[in-house]
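Undergrad: Quick one, upload25.txt (compact mmCIF, C-alpha atoms):
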# COMPACT_ATOMS: atom_id res chain seq x y z
CA MET A 1 -30.19 76.96 26.69
CA ILE A 2 -26.45 77.43 27.28
CA VAL A 3 -24.59 80.46 25.92
CA ILE A 4 -20.84 81.01 25.69
CA GLU A 5 -20.26 84.76 25.32
CA ASN A 6 -17.59 87.48 25.37
CA ALA A 7 -15.19 85.16 23.51
CA HIS A 8 -13.22 85.23 20.28
CA ILE A 9 -15.09 82.80 18.02
CA ALA A 10 -13.23 80.87 15.30
CA PRO A 11 -16.05 78.97 13.58
CA VAL A 12 -13.67 77.60 10.86
CA VAL A 13 -16.39 78.32 8.28
CA GLY A 14 -17.06 82.02 7.76
CA PRO A 15 -15.49 85.08 9.41
CA GLU A 16 -14.14 85.06 12.94
CA ILE A 17 -15.89 87.13 15.61
CA SER A 18 -13.68 89.03 18.04
CA ASN A 19 -16.35 89.38 20.74
CA GLY A 20 -19.20 86.98 20.18
CA HIS A 21 -21.36 84.15 21.41
CA VAL A 22 -22.29 80.55 20.69
CA ALA A 23 -25.73 79.45 21.90
CA ILE A 24 -26.63 75.78 22.49
CA GLU A 25 -30.07 74.22 22.79
CA GLY A 26 -29.89 70.56 23.79
CA ASN A 27 -27.16 69.05 21.63
CA ARG A 28 -27.37 71.59 18.77
CA ILE A 29 -25.82 74.97 18.08
CA VAL A 30 -28.65 77.45 17.55
CA SER A 31 -26.79 80.75 17.21
CA VAL A 32 -23.28 82.02 16.44
CA GLY A 33 -22.90 85.76 16.33
CA ALA A 34 -21.40 89.03 17.52
CA GLY A 35 -22.09 90.50 20.92
CA PRO A 36 -24.29 88.99 23.63
CA PHE A 37 -27.12 86.54 23.01
CA GLN A 38 -30.56 87.96 23.66
CA GLY A 39 -32.74 85.72 25.79
CA ASP A 40 -32.78 83.59 28.91
CA ALA A 41 -29.89 81.14 29.18
CA GLN A 42 -27.24 79.64 31.39
CA ARG A 43 -24.29 81.87 30.56
CA ILE A 44 -20.63 80.90 30.39
CA ASP A 45 -18.25 83.86 30.42
CA GLY A 46 -15.76 83.31 27.62
CA ARG A 47 -13.78 86.46 28.33
CA GLY A 48 -10.11 85.75 27.56
CA CYS A 49 -11.00 82.61 25.60
CA LEU A 50 -10.85 81.37 22.02
CA VAL A 51 -13.82 79.19 21.04
CA THR A 52 -13.33 76.60 18.28
CA PRO A 53 -15.09 73.45 17.16
CA GLY A 54 -14.11 70.38 19.15
CA LEU A 55 -11.12 68.68 17.56
CA VAL A 56 -11.53 65.50 15.49
CA ASN A 57 -8.93 62.72 15.77
CA THR A 58 -8.87 60.71 12.54
CA HIS A 59 -6.39 57.95 13.45
CA HIS A 60 -5.53 56.19 16.70
CA HIS A 61 -4.67 52.84 18.30
CA LEU A 62 -5.95 53.18 21.85
CA TYR A 63 -4.68 49.78 23.06
CA GLN A 64 -1.13 51.04 22.56
CA TRP A 65 -1.43 53.23 25.66
CA ALA A 66 -0.39 50.06 27.48
CA SER A 67 2.80 49.58 25.40
CA GLN A 68 4.40 53.02 25.17
CA GLY A 69 8.15 53.30 24.85
CA LEU A 70 8.91 50.10 22.94
CA ALA A 71 11.67 50.23 20.28
CA PRO A 72 12.15 53.98 20.82
CA ASP A 73 14.73 54.27 18.02
CA GLY A 74 13.25 51.79 15.53
CA THR A 75 11.79 52.21 12.08
CA LEU A 76 8.11 51.35 11.59
CA PHE A 77 8.87 47.74 10.66
CA GLU A 78 11.41 47.33 13.51
CA TRP A 79 8.96 48.83 16.00
CA LEU A 80 6.12 46.58 14.78
CA VAL A 81 8.25 43.43 15.00
CA ALA A 82 9.16 44.34 18.60
CA SER A 83 5.57 45.21 19.49
CA TYR A 84 3.50 42.38 17.99
CA PRO A 85 4.51 39.74 20.60
CA VAL A 86 3.56 42.17 23.38
CA TRP A 87 0.22 43.07 21.80
CA ALA A 88 -0.57 39.37 21.40
CA ARG A 89 -1.00 39.23 25.20
CA MET A 90 -3.68 41.93 25.45
CA ASP A 91 -7.16 41.14 26.74
CA ALA A 92 -10.40 43.10 27.19
CA GLU A 93 -9.28 44.44 30.56
CA VAL A 94 -6.09 45.84 29.03
CA VAL A 95 -8.03 47.42 26.16
CA HIS A 96 -10.61 49.03 28.45
CA GLY A 97 -7.95 50.52 30.72
CA ALA A 98 -5.80 51.73 27.84
CA ALA A 99 -8.79 53.19 25.99
CA THR A 100 -10.01 54.98 29.12
CA ALA A 101 -6.63 56.62 29.63
CA GLY A 102 -6.17 57.42 25.94
CA LEU A 103 -9.63 58.92 25.45
CA ALA A 104 -9.35 60.96 28.65
CA TRP A 105 -6.01 62.31 27.38
CA LEU A 106 -7.65 63.24 24.08
CA ALA A 107 -10.53 65.00 25.85
CA LEU A 108 -8.08 67.06 27.88
CA SER A 109 -6.51 68.23 24.60
CA GLY A 110 -9.81 69.51 23.18
CA CYS A 111 -10.80 66.41 21.22
CA SER A 112 -14.56 65.83 21.00
CA THR A 113 -14.55 63.04 18.37
CA SER A 114 -12.04 60.23 18.01
CA THR A 115 -11.60 57.29 15.75
CA ASP A 116 -9.75 54.16 16.79
CA HIS A 117 -8.17 51.53 14.56
CA HIS A 118 -8.10 48.25 16.47
CA TYR A 119 -6.69 45.41 14.38
CA VAL A 120 -5.11 42.92 16.85
CA PHE A 121 -7.57 40.30 18.16
CA PRO A 122 -5.81 37.51 20.07
CA LYS A 123 -8.11 34.52 20.53
CA GLY A 124 -9.79 33.88 23.87
CA ARG A 125 -9.08 37.33 25.32
CA GLY A 126 -12.63 38.68 25.61
CA ASP A 127 -14.52 41.24 23.52
CA LEU A 128 -11.83 43.81 22.81
CA PHE A 129 -14.01 45.92 20.52
CA ALA A 130 -16.77 46.19 23.13
CA ALA A 131 -14.20 47.14 25.78
CA GLU A 132 -13.08 50.28 23.97
CA ILE A 133 -16.64 51.25 23.07
CA GLN A 134 -17.56 51.06 26.76
CA ALA A 135 -14.57 53.30 27.62
CA ALA A 136 -15.64 55.93 25.07
CA ALA A 137 -19.16 56.00 26.51
CA GLU A 138 -17.75 56.50 30.01
CA VAL A 139 -15.39 59.32 28.98
CA GLY A 140 -18.13 60.92 26.87
CA LEU A 141 -16.47 61.38 23.48
CA ARG A 142 -18.08 60.91 20.10
CA PHE A 143 -16.50 57.67 18.90
CA HIS A 144 -15.72 56.12 15.51
CA PRO A 145 -14.04 52.75 16.19
CA CYS A 146 -12.70 50.98 13.11
CA ARG A 147 -12.93 47.18 13.17
CA GLY A 148 -9.45 46.35 11.96
CA SER A 149 -7.99 43.03 10.94
CA MET A 150 -4.92 41.13 9.73
CA ASP A 151 -5.00 37.83 7.81
CA ARG A 152 -1.49 37.77 6.35
CA GLY A 153 1.09 36.51 8.83
CA ARG A 154 4.75 35.76 8.26
CA SER A 155 4.06 32.35 6.75
CA GLN A 156 2.18 34.12 3.94
CA GLY A 157 4.72 36.89 3.36
CA GLY A 158 3.24 39.38 5.80
CA LEU A 159 4.94 41.20 8.67
CA PRO A 160 2.96 40.11 11.78
CA PRO A 161 3.52 36.73 13.47
CA ASP A 162 0.89 34.14 12.58
CA GLU A 163 -0.51 34.01 16.14
CA VAL A 164 -1.98 37.54 15.90
CA VAL A 165 -3.80 37.16 12.57
CA GLU A 166 -7.35 35.92 11.88
CA THR A 167 -8.77 33.98 8.95
CA LEU A 168 -10.57 35.79 6.15
CA ASP A 169 -13.91 34.23 7.08
CA GLU A 170 -13.51 35.10 10.78
CA ILE A 171 -12.72 38.69 9.91
CA LEU A 172 -15.67 39.20 7.59
CA THR A 173 -18.08 37.58 10.05
CA GLU A 174 -16.85 39.54 13.06
CA THR A 175 -16.64 42.82 11.16
CA GLU A 176 -20.19 42.57 9.90
CA ALA A 177 -21.39 41.66 13.40
CA ALA A 178 -19.63 44.71 14.88
CA VAL A 179 -21.19 47.05 12.35
CA ARG A 180 -24.67 45.63 12.81
CA ARG A 181 -24.40 45.75 16.59
CA TYR A 182 -22.86 49.17 17.11
CA HIS A 183 -23.09 51.45 14.08
CA ASP A 184 -25.55 54.32 14.53
CA PRO A 185 -26.00 56.36 11.33
CA SER A 186 -28.23 59.03 12.93
CA PHE A 187 -27.32 62.72 12.66
CA ASP A 188 -26.33 63.07 16.32
CA SER A 189 -24.76 59.62 16.60
CA MET A 190 -22.18 59.14 19.33
CA LEU A 191 -21.02 55.82 17.82
CA ARG A 192 -20.24 54.84 14.25
CA VAL A 193 -18.15 51.94 12.98
CA ALA A 194 -15.80 51.71 9.99
CA VAL A 195 -14.28 48.69 8.25
CA ALA A 196 -10.49 48.78 8.50
CA PRO A 197 -8.11 46.00 7.36
CA CYS A 198 -4.73 47.02 8.73
CA SER A 199 -2.18 47.57 5.95
CA PRO A 200 -0.81 46.21 2.66
CA PHE A 201 1.91 44.28 4.52
CA SER A 202 -0.46 42.49 6.93
CA VAL A 203 -3.60 41.92 4.86
CA SER A 204 -4.34 39.84 1.77
CA GLY A 205 -5.71 41.33 -1.42
CA ASP A 206 -8.80 39.12 -1.03
CA LEU A 207 -9.53 40.63 2.38
CA MET A 208 -9.09 44.17 1.07
CA ARG A 209 -11.51 43.56 -1.81
CA GLN A 210 -14.12 41.74 0.25
CA ALA A 211 -13.88 44.23 3.11
CA ALA A 212 -14.51 47.08 0.70
CA GLY A 213 -17.55 45.26 -0.68
CA LEU A 214 -18.85 44.56 2.82
CA ALA A 215 -18.45 48.18 3.93
CA ARG A 216 -20.28 49.46 0.86
CA ASP A 217 -23.08 46.93 1.31
CA LEU A 218 -23.45 48.10 4.93
CA ASN A 219 -23.01 51.80 4.00
CA VAL A 220 -20.09 52.45 6.35
CA ARG A 221 -16.68 53.96 5.72
CA LEU A 222 -13.32 52.36 4.96
CA HIS A 223 -10.00 53.00 6.67
CA THR A 224 -6.48 51.57 6.42
CA HIS A 225 -2.79 52.49 6.60
CA GLY A 226 -1.05 53.45 3.39
CA ALA A 227 2.15 54.93 1.97
CA GLU A 228 3.63 55.41 5.45
CA THR A 229 7.28 54.49 4.87
CA LEU A 230 9.82 53.76 2.15
CA ASP A 231 10.01 50.19 3.50
CA GLU A 232 6.32 49.86 2.63
CA ASP A 233 7.07 51.14 -0.89
CA ASP A 234 9.72 48.46 -1.28
CA HIS A 235 7.42 45.76 0.14
CA CYS A 236 4.58 46.65 -2.24
CA LYS A 237 6.86 46.78 -5.29
CA GLU A 238 8.38 43.43 -4.33
CA GLN A 239 5.10 41.66 -3.49
CA PHE A 240 2.61 43.34 -5.83
CA GLY A 241 4.66 45.05 -8.53
CA MET A 242 3.28 48.51 -7.73
CA LEU A 243 3.41 51.32 -5.18
CA PRO A 244 1.01 51.41 -2.20
CA VAL A 245 -1.57 53.83 -3.62
CA GLU A 246 -1.60 52.05 -6.98
CA TYR A 247 -2.16 48.82 -5.09
CA LEU A 248 -4.96 50.29 -2.98
CA GLU A 249 -6.69 51.65 -6.08
CA SER A 250 -6.45 48.27 -7.81
CA LEU A 251 -8.40 46.80 -4.87
CA GLY A 252 -11.18 49.42 -4.94
CA TRP A 253 -9.73 51.37 -2.03
CA LEU A 254 -9.90 54.95 -3.30
CA GLY A 255 -13.11 56.95 -3.03
CA PRO A 256 -15.13 59.45 -1.01
CA ASP A 257 -15.92 56.77 1.60
CA VAL A 258 -12.20 56.02 2.25
CA TRP A 259 -9.60 57.73 4.40
CA ILE A 260 -6.00 56.55 4.58
CA ALA A 261 -3.70 56.91 7.57
CA HIS A 262 -0.35 58.66 6.95
CA SER A 263 -0.03 58.99 3.14
CA VAL A 264 3.54 60.18 3.61
CA HIS A 265 5.14 58.90 0.41
CA LEU A 266 2.77 59.99 -2.34
CA THR A 267 3.66 60.56 -5.97
CA ASP A 268 2.28 63.52 -7.89
CA ALA A 269 -0.16 61.11 -9.52
CA ASP A 270 -1.27 59.84 -6.08
CA ILE A 271 -2.07 63.37 -4.94
CA THR A 272 -4.12 63.96 -8.06
CA ARG A 273 -6.02 60.70 -7.57
CA PHE A 274 -6.75 61.47 -3.90
CA ALA A 275 -8.24 64.81 -4.93
CA GLU A 276 -10.17 63.37 -7.90
CA THR A 277 -11.64 60.47 -5.94
CA GLY A 278 -12.34 62.31 -2.67
CA THR A 279 -10.05 59.99 -0.70
CA GLY A 280 -9.12 61.43 2.69
CA THR A 281 -5.83 61.42 4.58
CA ALA A 282 -5.26 61.14 8.33
CA HIS A 283 -2.06 63.14 8.82
CA CYS A 284 -0.08 62.04 11.90
CA PRO A 285 3.00 64.29 11.97
CA SER A 286 4.41 63.34 15.39
CA SER A 287 4.22 59.60 14.77
CA ASN A 288 5.76 60.06 11.32
CA GLY A 289 8.59 62.00 12.95
CA ARG A 290 9.07 59.53 15.82
CA LEU A 291 9.43 56.61 13.40
CA GLY A 292 11.52 58.57 10.90
CA ALA A 293 8.90 57.92 8.23
CA GLY A 294 9.13 61.34 6.62
CA ILE A 295 7.00 64.46 6.18
CA ALA A 296 3.72 64.04 4.33
CA ARG A 297 2.98 66.31 1.36
CA VAL A 298 0.03 67.89 3.17
CA SER A 299 0.38 71.37 1.67
CA GLU A 300 0.27 69.87 -1.80
CA LEU A 301 -2.71 67.69 -0.94
CA LEU A 302 -4.62 70.74 0.29
CA ARG A 303 -3.71 72.78 -2.79
CA ALA A 304 -4.99 69.94 -4.96
CA GLY A 305 -8.32 70.01 -3.10
CA ALA A 306 -7.88 66.72 -1.23
CA THR A 307 -9.35 66.08 2.21
CA VAL A 308 -6.87 66.04 5.11
CA GLY A 309 -7.55 65.57 8.82
CA LEU A 310 -5.20 65.21 11.78
CA GLY A 311 -4.52 62.14 13.89
CA VAL A 312 -2.24 61.42 16.82
CA ASP A 313 -1.75 57.74 15.84
CA GLY A 314 -1.18 55.15 18.55
CA PRO A 315 0.54 56.08 21.82
CA GLY A 316 3.06 53.35 21.02
CA SER A 317 4.53 55.47 18.21
CA ALA A 318 3.45 58.92 19.46
CA GLU A 319 3.86 58.74 23.21
CA PHE A 320 1.57 61.11 25.15
CA ILE A 321 0.92 63.31 22.10
CA PRO A 322 -2.19 65.50 22.60
CA LEU A 323 -4.34 66.12 19.55
CA ALA A 324 -4.12 69.89 19.99
CA GLY A 325 -0.34 69.56 19.80
CA GLU A 326 -0.64 68.09 16.31
CA ILE A 327 -1.99 71.43 15.09
CA ARG A 328 1.41 72.93 15.85
CA GLN A 329 3.38 69.89 14.72
CA ALA A 330 1.64 69.82 11.35
CA LEU A 331 2.30 73.53 10.90
CA LEU A 332 5.99 73.24 11.73
CA MET A 333 6.65 70.15 9.61
CA GLN A 334 5.07 71.66 6.50
CA ARG A 335 7.05 74.85 6.97
CA ALA A 336 10.24 72.88 7.55
CA ARG A 337 9.70 71.16 4.22
CA TYR A 338 8.16 73.92 2.08
CA GLY A 339 8.84 77.29 3.77
CA PRO A 340 7.03 79.61 6.20
CA GLN A 341 3.94 80.12 4.01
CA ALA A 342 3.34 76.41 3.43
CA LEU A 343 0.59 76.10 6.04
CA THR A 344 -1.19 78.78 8.04
CA ALA A 345 -2.49 78.55 11.59
CA ARG A 346 -6.06 78.54 10.31
CA GLN A 347 -5.41 75.82 7.76
CA SER A 348 -3.94 73.66 10.50
CA LEU A 349 -6.94 74.34 12.77
CA GLU A 350 -9.26 73.45 9.89
CA MET A 351 -7.49 70.11 9.39
CA ALA A 352 -7.98 69.39 13.11
CA THR A 353 -11.71 70.13 12.90
CA LEU A 354 -13.59 70.29 9.61
CA GLY A 355 -10.95 68.32 7.70
CA GLY A 356 -11.29 65.50 10.21
CA ALA A 357 -15.08 65.66 10.00
CA ARG A 358 -14.84 65.32 6.20
CA CYS A 359 -12.64 62.22 6.58
CA LEU A 360 -15.39 60.66 8.70
CA GLY A 361 -18.22 61.78 6.43
CA ARG A 362 -19.60 64.04 9.18
CA GLU A 363 -18.91 67.52 7.79
CA ASN A 364 -22.64 68.35 7.91
CA GLU A 365 -22.79 67.49 11.62
CA ILE A 366 -19.49 68.48 13.27
CA GLY A 367 -16.21 70.27 12.54
CA SER A 368 -17.42 73.90 12.44
CA LEU A 369 -19.49 76.25 14.57
CA GLU A 370 -22.72 76.79 12.64
CA PRO A 371 -26.40 76.86 13.62
CA GLY A 372 -27.89 73.40 13.21
CA LYS A 373 -24.64 71.54 13.80
CA LEU A 374 -23.94 69.43 16.86
CA ALA A 375 -22.67 71.20 19.98
CA ASP A 376 -19.07 69.94 20.03
CA ILE A 377 -17.11 72.97 21.24
CA ALA A 378 -13.67 73.69 22.71
CA MET A 379 -12.78 76.81 24.74
CA TRP A 380 -9.11 77.73 25.12
CA ARG A 381 -7.70 80.25 27.60
CA ILE A 382 -5.71 82.81 25.61
CA ASP A 383 -5.36 85.37 28.39
CA GLY A 384 -2.41 85.51 30.78
CA PRO A 385 0.85 84.85 28.91
CA TYR A 386 -1.04 83.96 25.73
CA ALA A 387 -2.40 87.50 25.51
CA ALA A 388 1.04 88.53 24.25
CA ALA A 389 -0.08 87.20 20.83
CA ASP A 390 -2.64 89.49 19.19
CA ASP A 391 -3.99 86.70 17.00
CA PRO A 392 -5.89 84.11 19.10
CA VAL A 393 -5.53 81.35 16.49
CA VAL A 394 -1.78 81.92 16.38
CA ALA A 395 -1.77 81.71 20.19
CA LEU A 396 -3.45 78.31 19.90
CA SER A 397 -1.30 76.90 17.13
CA HIS A 398 2.22 78.31 17.30
CA GLY A 399 3.42 77.50 20.80
CA GLN A 400 2.55 75.31 23.75
CA THR A 401 -1.17 74.60 23.64
CA PRO A 402 -3.16 77.02 25.83
CA PRO A 403 -5.14 75.63 28.80
CA LEU A 404 -8.50 74.06 27.94
CA ALA A 405 -11.23 75.99 29.75
CA ARG A 406 -14.09 73.78 28.59
CA LEU A 407 -14.91 70.94 26.22
CA ILE A 408 -18.53 70.37 25.32
CA VAL A 409 -19.51 67.19 23.46
CA ASN A 410 -23.06 66.75 22.18
CA GLY A 411 -24.12 69.61 24.46
CA VAL A 412 -22.58 68.05 27.61
CA THR A 413 -19.53 69.44 29.45
CA VAL A 414 -16.79 66.80 29.45
CA VAL A 415 -13.88 69.02 30.57
CA GLU A 416 -14.07 72.16 32.71
CA ASN A 417 -11.01 74.23 33.61
CA GLY A 418 -8.68 71.38 32.72
CA ASP A 419 -10.54 68.74 34.75
CA LEU A 420 -12.61 65.85 33.42
CA ARG A 421 -16.26 65.95 34.49
CA THR A 422 -17.30 62.50 33.23
CA VAL A 423 -14.67 60.21 34.70
CA SER A 424 -11.98 61.03 37.23
CA GLY A 425 -8.75 62.07 35.55
CA ASP A 426 -6.76 60.32 38.27
CA ALA A 427 -8.83 57.15 37.80
CA ALA A 428 -8.33 57.27 34.02
CA GLY A 429 -4.58 57.61 34.46
CA ALA A 430 -4.52 54.75 36.95
CA ALA A 431 -6.52 52.57 34.54
CA GLY A 432 -3.89 53.16 31.87
CA ALA A 433 -1.08 52.33 34.28
CA ARG A 434 -2.81 49.09 35.32
CA ALA A 435 -3.31 48.18 31.66
CA HIS A 436 0.40 48.73 31.03
CA ALA A 437 1.39 46.58 34.02
CA ARG A 438 -1.06 43.81 33.07
CA LEU A 439 0.13 43.71 29.44
CA LEU A 440 3.85 43.82 30.18
CA ARG A 441 3.72 41.29 33.01
CA SER A 442 1.23 38.83 31.54
Please express the file's structure as structure tokens.

TA:
Amino acid sequence: MIVIENAHIAPVVGPEISNGHVAIEGNRIVSVGAGPFQGDAQRIDGRGCLVTPGLVNTHHHLYQWASQGLAPDGTLFEWLVASYPVWARMDAEVVHGAATAGLAWLALSGCSTSTDHHYVFPKGRGDLFAAEIQAAAEVGLRFHPCRGSMDRGRSQGGLPPDEVVETLDEILTETEAAVRRYHDPSFDSMLRVAVAPCSPFSVSGDLMRQAAGLARDLNVRLHTHGAETLDEDDHCKEQFGMLPVEYLESLGWLGPDVWIAHSVHLTDADITRFAETGTGTAHCPSSNGRLGAGIARVSELLRAGATVGLGVDGPGSAEFIPLAGEIRQALLMQRARYGPQALTARQSLEMATLGGARCLGRENEIGSLEPGKLADIAMWRIDGPYAAADDPVVALSHGQTPPLARLIVNGVTVVENGDLRTVSGDAAGAAGARAHARLLRS
């Protein structure tokens, strides 16, 4: 039994507790309440700390750790065109090093669960999907890799060069194999797999339809990019005669088992359909800002009852962004667009935790601090200079992210007082640097 006590508890669901405890037995939360926990336990003094659920990252491209800084002033399409030839050189060693660095960075920002959307599979470069799964196991995060794909190169009207796309049959075969090999549907699973064709401008309609059918046959979730930029709007109108969300719906890609990355340029009708169908959104405010894509209508999605989680997106378009920092970025962008009451600190924290869990279909397991849920817990130091803010959740969300005192994932300490306890932080950083050097010099 492990007990965190004397802390301010923000369980996300239910009232906050100004001086309370969270008790852990094995990998489950067994008690959340006021005052000390009665009984024998290993005790962690949470005095001066805010305790929240571990953060959930709903969209990422870990391999991009090795290619940060490319096309720093480009639009999405310009940045992709510059990046694809570089990504075509990646191999399993690059992916493992980049994923190790990226996942360690996420852990140090309070992230206990991360997705990854890997969609570039150059031939003869090793098992890239296995490489990132190995890295997640080493770092100790709960992992939801998405087996991505592209089958529509430039010769077929798509954006990526033909050398980085796969055939439809290859994709379906490899995707099914990845799900059958790695996906663990159990309650306390550390590894689940989603099916994730890349985007409307790199994937054929046939692949989108058949991938959706495959995912539903295998009972796993669906993920893709959608409605990210105005260029994508123009591309979809030109190629398909409709806007991105209309196109996705025509292919069977709205529903409670689907979450879409970005969803920046939604119509009023799109927002209504997301809410009606239970389709989730991975909101990536820093990446959207970096690429000049726009500000997503997150406040309106939430008011409509739609599911929204936070994501950092790939390090290639959101260099060195910590997931905790997206809590603040989301808050500021919504207020910049809609005014100071558009999004509260607690709404932003909920997107980073329970909203993300809902996107992944894991809201009964993670995302809030409740007895019976998995012990994924973040402790933030809100003493010292942060004590100048009376509201601990405001201290977390409104300024520079407070220091991370502890991150517990599945009942195991992964970060303690800002240091990784699973892999060496220095070694993880060096692995990312080697991956960058190998990719750029290969």

Undergrad: Kindly give the distance, in Å, that separates CA of Tyr182 (chain A) and CA of Ser67 (chain A), rounded to a single decimal.

TA: 27.0 Å

Undergrad: Between A:Arg192, A:His183, A:His96, A:Arg434, single out the one closest to Ala130 (chain A), counting all atoms listed in the file.

TA: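 Closest residue, counting all atoms listed in the file: A:His96.
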
Undergrad: For region 282-346 of chain A versus region 71-92 of chain A, which residues have an atom no more than 12 Å away, and what is each residue's nearest atom pair and distance in Å rounded to one decimal, using all atoms listed in the file, chain-then-number order, as a Markdown table?

TA:
| residue | atom | partner | partner_atom | distance |
| --- | --- | --- | --- | --- |
| A:Ser287 | CA | A:Leu76 | CA | 9.7 |
| A:Asn288 | CA | A:Leu76 | CA | 9.0 |
| A:Gly289 | CA | A:Thr75 | CA | 10.3 |
| A:Arg290 | CA | A:Asp73 | CA | 8.0 |
| A:Leu291 | CA | A:Thr75 | CA | 5.2 |
| A:Gly292 | CA | A:Thr75 | CA | 6.5 |
| A:Ala293 | CA | A:Leu76 | CA | 7.4 |
| A:Gly294 | CA | A:Thr75 | CA | 11.0 |
| A:Gly314 | CA | A:Leu80 | CA | 11.9 |
| A:Pro315 | CA | A:Pro72 | CA | 11.8 |
| A:Gly316 | CA | A:Ser83 | CA | 8.7 |
| A:Ser317 | CA | A:Pro72 | CA | 8.2 |
| A:Ala318 | CA | A:Pro72 | CA | 10.1 |
| A:Glu319 | CA | A:Pro72 | CA | 9.9 |

Undergrad: Between A:Asp270, A:Glu174, A:Asp169, A:Glu238, single out the one closest to Tyr119 (chain A), counting all atoms listed in the file.

TA: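 Nearest candidate to Tyr119 (chain A) out of A:Asp270, A:Glu174, A:Asp169, A:Glu238: A:Glu174.
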
Undergrad: Which polymer residues have any atom within 8 Å of an atom of region 151-160 of chain A, counting all atoms listed in the file, with same-chain residues fewer than 2 positions away left out, as a ChimeraX atom specification?

TA: /A:77,80-81,84,149,162-168,201-204,207

Undergrad: Pick from A:Thr272, A:Gln334, A:Thr277, A:Ser109: nearest to Leu396 (chain A), with all atoms listed in the file counted?

TA: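 Smallest distance to Leu396 (chain A) is found for A:Ser109.
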
Undergrad: CA of Val12 (chain A) and CA of Ile295 (chain A) are how many Å apart?

TA: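 Result for CA of Val12 (chain A) versus CA of Ile295 (chain A): 24.9 Å, one decimal.
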
Undergrad: Grab the CA of Thr413 (chain A) to CA of Ala101 (chain A) distance for me, in Å with one decimal place.

TA: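 Pair CA of Thr413 (chain A) / CA of Ala101 (chain A) returns 18.2 Å.
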
Undergrad: From the list A:Ala98, A:Leu332, A:Ala215, A:Pro11, which residue is nearest Ala66 (chain A) when using all atoms listed in the file?

TA: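 Among A:Ala98, A:Leu332, A:Ala215, A:Pro11, it is A:Ala98 that comes nearest to Ala66 (chain A).
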
Undergrad: Rank nothing, just name the residue among A:Gly124, A:Gly372, A:Pro53, A:Gly432 nearest to Ser112 (chain A), using only C-alpha atoms.

TA: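 Closest candidate: A:Pro53.
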
Undergrad: Just checking: using all atoms listed in the file, which residue out of A:Leu354, A:His265, A:Gly418, A:Ile2 ends up closest to Asp231 (chain A)?

TA: A:His265

Undergrad: Please return the centre and edge lengths, in Å to one decimal, of a box with edges along x, y and z that contains all listed atoms of region 298-308 of chain A, widened by 6 Å on every side, as AutoDock Vina command-line options.

TA:
--center_x -4.5 --center_y 69.4 --center_z 0.1 --size_x 21.7 --size_y 18.7 --size_z 22.1
